[in-house]
Amino acid sequence: MEAERKPETFHLPSGAKLDQTATATRAVPEQPGHDDLASLHVIVEETAHLTGEEFLQSLVRHLSRTVDAHYAFVAEFVDDKTRVRTLAYWFRDHIHQNIEFDLAGTPCESVVEGNLCHYPAGVKEQFPRDRDAVELGIESYLGVPLLDASGNHLGHLAVFDERPMPPEPRRLCTFRTFAVRAAAELKRLRFEHELVESERRYRDFYEEAPIGYHSTGLDGLIRSVNLRACEWLGYSAAELVGTRLMDYPADSPAGKSRARECFQKFLAGEEIRGAEVELRRKDGSPLWVSLWMKPVRGAAGEVQVSRSIWVEITDRVLAGQERARLQQQNQYLQEEIKAVHNFEEIIGRSPRLTGVLETVSRLAATDTTVLITGETGTGKELVVRALHSVSKRKDKPLIKVNCAALPGGLIESELFGHEKGAFTGAIARRVGRFELAEGGILFLDEVGELPPETQAKLLRVLQEREFERVGGTVPIKADVRVLAATNRDLLQGVRDKTFREDLYYRLSVFPIQLPPLRDRKEDIPLLVQFLVNKFAARVGKHVVDASPATMRRLLAYGWPGNVRELENVLERAVILTNGPTLEITDGILFGVGGAAAALADSAEAASDTLQAVERKHIIGILVRTNWVIEGRSGAAKLLGLPPNTLRSRMKKLGIERPAREIS
């Protein structure tokens, strides 16, 4: 019987109501004859070693020959028992392509009700609606249902022919026997299909799951790994299987040491739940996972392998680290905002200061390392802030490190950060100033005070643009512009072997020398006007300007503390002034009285030179501090000078502690 092509469909006319030309029976008792047994033996021999599609094809071929019919098929339901598809179809002399057809209006319709259906003749006349049956001239049909052990209807087995069949079909016992065998094979095929489908779904779930799976043996070698874990690590399964699991954790406290700790627990038979481990991808980038590891035991209870699950938490961990970095950065910036700076702007129009500002403008578009030198109080930090405000990094942070204010043992941790456990007291990872300044500018104030070992590490950062945290081994890239400042003579430090020569030239790519206030006295009136307005507004007074005598006094003074000292004097003067005109006496200028004033007056009487004024001022501060030079309340601190610099000036100016002051 020819079948249609779209899809190829085979229709046999239906006979739901059987007439005198058809018989439908249920389990008709029959004793097998000699021919049945012979046919059964042949079919058993031919099909015993076959399964699946091969068995079914052999079955329909032998059944068609045994029953002496040109056509035979075994079919199963497609959906809801209204449509079937053939699993094996014998067509005259060959296995035909499998087909699908609707049950309605076919002799098979009675078979699906559980009947053995037999049409000895007249099929094409009883079912004229079926073109294929009519075209092939089908006269006879014999079908038997395929039932499982529970009586469920799986499909049916049928033979048909252009010739009539005997009213009592030959070898009916054989037909029924192999219907049972076909039903069993069909059930097996369905189970096998469900198993394969279940395995496929499991495999898909295993490979495509949003979590990573791997199995590891007692030797630490990876035995199996799923696709997701491979994608995360950047390796293929073939590259991973057989390699050591410990090859993939990062070289950090949260990497190898934690992974080793988890593996030791696995060997001891413990379960690991949610351990956060840092791994390293093939491209070197970090991969953070939450590790769940369960030991699998043998029949005797011994640990054999581990089944491990990875839940990727890279984004969460990196976001947490970035949040911590930003919190520290924000805390640092808040502290900076709270700190009192000398000026909001750089005030002045002298040629030397104008030249500095022009240099700042030229350096704005570059990432050149700049070394700013000058005496204490000349405004080095203001120049740094000006450079930052006009640079291409102005939207990124400006981070300051006072190298002289940090203990030698902590300065590396402050600059580069440290890992948890790097030293006693390092209870958590700390982000250093270089990381805080990522993308921005790092200002190293008093860079000449750096200890030699830190100088070497700073040189590496400037050369290679990377650093390592204290206690860490993973290089961290540093996109940071470095600006440095000092009031020391670094070249003298190079000659004295206290400062590295190579670091000096790395820092001094573009040096800027700030002039002292005594060398730009034309800027003093502008500074006075600016500062008086600033302090008057702060204390709620209306002070217009300084008197001519006050201005002459300010212009004549040497200002060893530079602009910072001028700021302190003017703040005192504004507080003590009652009228609109600023008046500055010697007591205000030097901030002393009594014995200090007497010493200052005697010094001023002896000489009216610049050195005399400077000598008078230093003596006044020394008397005020009871001749204590160092410390928070010492003279050097009040003058804004390093202690050694103050001692040198005292020696140069011939200042010695009076005998009556010695206790």
# chains A, B, ... in the order shown; residues from 1 in each chain; ligands from 1
$ residues_around --residues "stretch 147-155 of chain A" --least-positions-apart "6" --cutoff "6 Å" --atoms "only C-alpha atoms" --output "PDB file with N, CA, C and O atoms, in the first residue's frame"
ATOM      1  N   ALA A  75       2.998  -0.964  15.023  1.00  0.00           N
ATOM      2  CA  ALA A  75       2.796   0.478  15.184  1.00  0.00           C
ATOM      3  C   ALA A  75       2.565   0.817  16.654  1.00  0.00           C
ATOM      4  O   ALA A  75       2.124  -0.021  17.450  1.00  0.00           O
ATOM      5  N   GLU A  76       2.856   2.081  16.989  1.00  0.00           N
ATOM      6  CA  GLU A  76       2.600   2.596  18.334  1.00  0.00           C
ATOM      7  C   GLU A  76       1.788   3.878  18.230  1.00  0.00           C
ATOM      8  O   GLU A  76       1.712   4.501  17.177  1.00  0.00           O
ATOM      9  N   PHE A  77       1.189   4.284  19.351  1.00  0.00           N
ATOM     10  CA  PHE A  77       0.382   5.500  19.362  1.00  0.00           C
ATOM     11  C   PHE A  77       1.289   6.728  19.298  1.00  0.00           C
ATOM     12  O   PHE A  77       2.367   6.768  19.880  1.00  0.00           O
ATOM     13  N   ALA A 183       5.087  -6.469  21.981  1.00  0.00           N
ATOM     14  CA  ALA A 183       4.668  -5.558  23.053  1.00  0.00           C
ATOM     15  C   ALA A 183       5.783  -5.391  24.078  1.00  0.00           C
ATOM     16  O   ALA A 183       6.051  -4.283  24.555  1.00  0.00           O
TER      17      ALA A 183
END
$ select_by_dssp --residues "stretch 123-166 of chain A" --states "helix (DSSP H, G or I)" --output "MDAnalysis selection string"
chainID A and resid 123:126 131:136
$ write_last_selection --atoms "C-alpha atoms" --output "compact mmCIF listing (two decimals), in the first residue's frame"
# COMPACT_ATOMS: atom_id res chain seq x y z
CA VAL A 123 -11.74 -4.34 2.96
CA LYS A 124 -11.60 -1.92 0.02
CA GLU A 125 -15.36 -2.14 -0.47
CA GLN A 126 -16.18 -1.64 3.22
CA ARG A 131 -7.81 5.95 -1.18
CA ASP A 132 -4.67 3.95 -0.43
CA ALA A 133 -6.59 0.82 0.45
CA VAL A 134 -8.63 1.21 -2.71
CA GLU A 135 -5.58 1.91 -4.90
CA LEU A 136 -3.66 -1.06 -3.51
$ select_by_dssp --residues "stretch 498-542 of chain A" --states "strand (DSSP E or B)" --output "PyMOL selection string"
chain A and resi 510-513
$ write_last_selection --atoms "N, CA and C atoms" --output "PDB file, in the first residue's frame"
ATOM      1  N   PHE A 510      59.884  66.266  36.278  1.00  0.00           N
ATOM      2  CA  PHE A 510      59.655  67.697  36.075  1.00  0.00           C
ATOM      3  C   PHE A 510      59.680  68.366  37.449  1.00  0.00           C
ATOM      4  N   PRO A 511      60.772  69.015  37.809  1.00  0.00           N
ATOM      5  CA  PRO A 511      60.860  69.667  39.125  1.00  0.00           C
ATOM      6  C   PRO A 511      60.224  71.063  39.108  1.00  0.00           C
ATOM      7  N   ILE A 512      59.596  71.400  40.209  1.00  0.00           N
ATOM      8  CA  ILE A 512      59.040  72.749  40.397  1.00  0.00           C
ATOM      9  C   ILE A 512      59.583  73.280  41.715  1.00  0.00           C
ATOM     10  N   GLN A 513      60.272  74.422  41.667  1.00  0.00           N
ATOM     11  CA  GLN A 513      60.831  75.050  42.863  1.00  0.00           C
ATOM     12  C   GLN A 513      59.931  76.222  43.255  1.00  0.00           C
TER      13      GLN A 513
END
$ residues_around --residues "A:Glu464" --least-positions-apart "3" --cutoff "10 Å" --atoms "only C-alpha atoms" --output "list of chain:residue names"
A:Leu459, A:Arg460, A:Val461, A:Phe467, A:Lys477, A:Ala478
$ write_last_selection --atoms "C-alpha atoms" --output "PDB file, in the first residue's frame"
ATOM      1  CA  LEU A 459      60.853  52.913  42.557  1.00  0.00           C
ATOM      2  CA  ARG A 460      59.365  49.630  41.293  1.00  0.00           C
ATOM      3  CA  VAL A 461      55.887  51.168  41.142  1.00  0.00           C
ATOM      4  CA  PHE A 467      52.913  46.708  43.195  1.00  0.00           C
ATOM      5  CA  LYS A 477      48.394  47.235  38.261  1.00  0.00           C
ATOM      6  CA  ALA A 478      48.599  50.903  39.267  1.00  0.00           C
TER       7      ALA A 478
END
$ residues_around --residues "A:Pro253" --least-positions-apart "5" --cutoff "12 Å" --atoms "only C-alpha atoms" --output "compact mmCIF listing (two decimals) with C-alpha atoms, in the first residue's frame"
# COMPACT_ATOMS: atom_id res chain seq x y z
CA ARG A 258 42.03 27.93 51.88
CA ALA A 259 41.75 25.34 49.08
CA ARG A 260 44.37 23.19 50.82
CA GLU A 261 42.45 23.47 54.08
CA GLU A 276 34.86 31.17 49.69
CA VAL A 277 37.92 30.33 47.58
CA GLU A 278 39.79 32.52 45.10
CA LEU A 279 40.76 30.72 41.90
CA HIS A 418 48.40 44.41 53.25
CA GLU A 419 46.82 40.98 53.22
CA LYS A 420 45.08 39.48 56.22
CA GLY A 421 47.69 37.88 58.48
CA ALA A 422 50.62 39.61 56.76
CA ALA A 428 41.80 41.98 57.76
CA ARG A 429 42.91 42.92 54.26
CA GLY A 471 52.14 39.71 52.54
CA GLY A 472 50.76 39.25 49.02
CA THR A 473 52.30 37.77 45.90
CA VAL A 474 49.84 38.87 43.21
$ atom_distance --atom1 "atom CA of A:Lys265" --atom2 "atom CA of A:Lys294"
9.9 Å
$ residues_around --residues "A:Met551" --least-positions-apart "3" --cutoff "9 Å" --atoms "only C-alpha atoms" --output "PyMOL selection string"
chain A and resi 524-525+528+546-548+554-556+583-584
$ write_last_selection --atoms "N, CA and C atoms" --output "CSV table (one decimal), in the first residue's frame"
chain,number,residue,atom,x,y,z
A,524,ILE,N,52.6,90.0,49.2
A,524,ILE,CA,52.2,90.1,50.6
A,524,ILE,C,50.9,90.9,50.7
A,525,PRO,N,50.8,92.1,50.1
A,525,PRO,CA,49.5,92.9,50.2
A,525,PRO,C,48.3,92.1,49.7
A,528,VAL,N,47.5,89.5,52.3
A,528,VAL,CA,47.0,90.1,53.5
A,528,VAL,C,45.5,90.4,53.3
A,546,ALA,N,44.7,96.5,56.4
A,546,ALA,CA,45.8,96.7,57.4
A,546,ALA,C,46.2,98.2,57.3
A,547,SER,N,46.6,98.7,58.4
A,547,SER,CA,47.1,100.1,58.5
A,547,SER,C,48.5,100.2,57.7
A,548,PRO,N,48.9,101.4,57.3
A,548,PRO,CA,50.2,101.5,56.6
A,548,PRO,C,51.3,101.0,57.5
A,554,LEU,N,54.9,94.2,58.1
A,554,LEU,CA,54.8,92.9,57.4
A,554,LEU,C,55.7,92.7,56.3
A,555,LEU,N,55.9,93.8,55.5
A,555,LEU,CA,56.9,93.7,54.4
A,555,LEU,C,58.3,93.7,54.8
A,556,ALA,N,58.6,94.2,56.0
A,556,ALA,CA,60.0,94.2,56.5
A,556,ALA,C,60.4,92.9,57.1
A,583,GLU,N,45.7,96.2,63.0
A,583,GLU,CA,46.9,96.7,63.6
A,583,GLU,C,47.7,95.5,64.1
A,584,ILE,N,48.9,95.4,63.8
A,584,ILE,CA,49.8,94.3,64.2
A,584,ILE,C,51.0,94.9,65.0
$ atom_distance --atom1 "atom CA of A:Ala72" --atom2 "atom CA of A:Arg92"
8.7 Å
$ closest_residue --among "A:Ser252, A:Glu466, A:Leu483, A:Thr51" --to "A:Glu192" --atoms "only C-alpha atoms"
A:Thr51
$ residues_around --residues "A:Gln611" --least-positions-apart "4" --cutoff "12 Å" --atoms "only C-alpha atoms" --output "list of chain:residue names"
A:Arg518, A:Ala556, A:Tyr557, A:Gly558, A:Trp559, A:Pro560, A:Ala603, A:Glu604, A:Ala606, A:Ser607, A:Arg615, A:Lys616, A:His617, A:Ile618, A:Arg649, A:Met650, A:Lys652, A:Leu653, A:Gly654, A:Ile655
$ closest_residue --among "A:Pro516, A:Asn562, A:Gln529, A:His62" --to "A:Val574" --atoms "only C-alpha atoms"
A:Gln529
$ atom_distance --atom1 "atom CA of A:Ala537" --atom2 "atom CA of A:Thr585"
21.8 Å
$ residues_around --residues "A:Ser285" --least-positions-apart "5" --cutoff "10 Å" --atoms "only C-alpha atoms" --output "JSON, numbers by chain"
{"A": [233, 250, 279, 280]}
$ write_last_selection --atoms "C-alpha atoms" --output "PDB file, in the first residue's frame"
ATOM      1  CA  LEU A 233      38.185  28.651  34.391  1.00  0.00           C
ATOM      2  CA  ALA A 250      45.064  31.842  43.375  1.00  0.00           C
ATOM      3  CA  LEU A 279      40.760  30.720  41.897  1.00  0.00           C
ATOM      4  CA  ARG A 280      42.776  31.964  38.928  1.00  0.00           C
TER       5      ARG A 280
END
$ decode --residues "stretch 95-112 of chain A" --atoms "C-alpha atoms" --output "compact mmCIF listing (two decimals), in the first residue's frame"
# COMPACT_ATOMS: atom_id res chain seq x y z
CA ILE A 95 11.22 -2.73 4.58
CA HIS A 96 9.31 0.45 3.82
CA GLN A 97 9.85 3.89 5.30
CA ASN A 98 7.83 4.28 8.50
CA ILE A 99 4.59 6.21 8.22
CA GLU A 100 1.93 7.85 10.38
CA PHE A 101 -1.84 7.66 9.95
CA ASP A 102 -5.07 8.47 11.74
CA LEU A 103 -6.97 5.57 13.28
CA ALA A 104 -10.41 6.94 12.51
CA GLY A 105 -12.05 5.04 9.69
CA THR A 106 -9.54 2.16 9.60
CA PRO A 107 -9.79 -1.52 10.63
CA CYS A 108 -7.16 -0.68 13.24
CA GLU A 109 -9.74 1.36 15.11
CA SER A 110 -11.26 -1.81 16.54
CA VAL A 111 -7.85 -3.21 17.44
CA VAL A 112 -7.09 -0.26 19.73
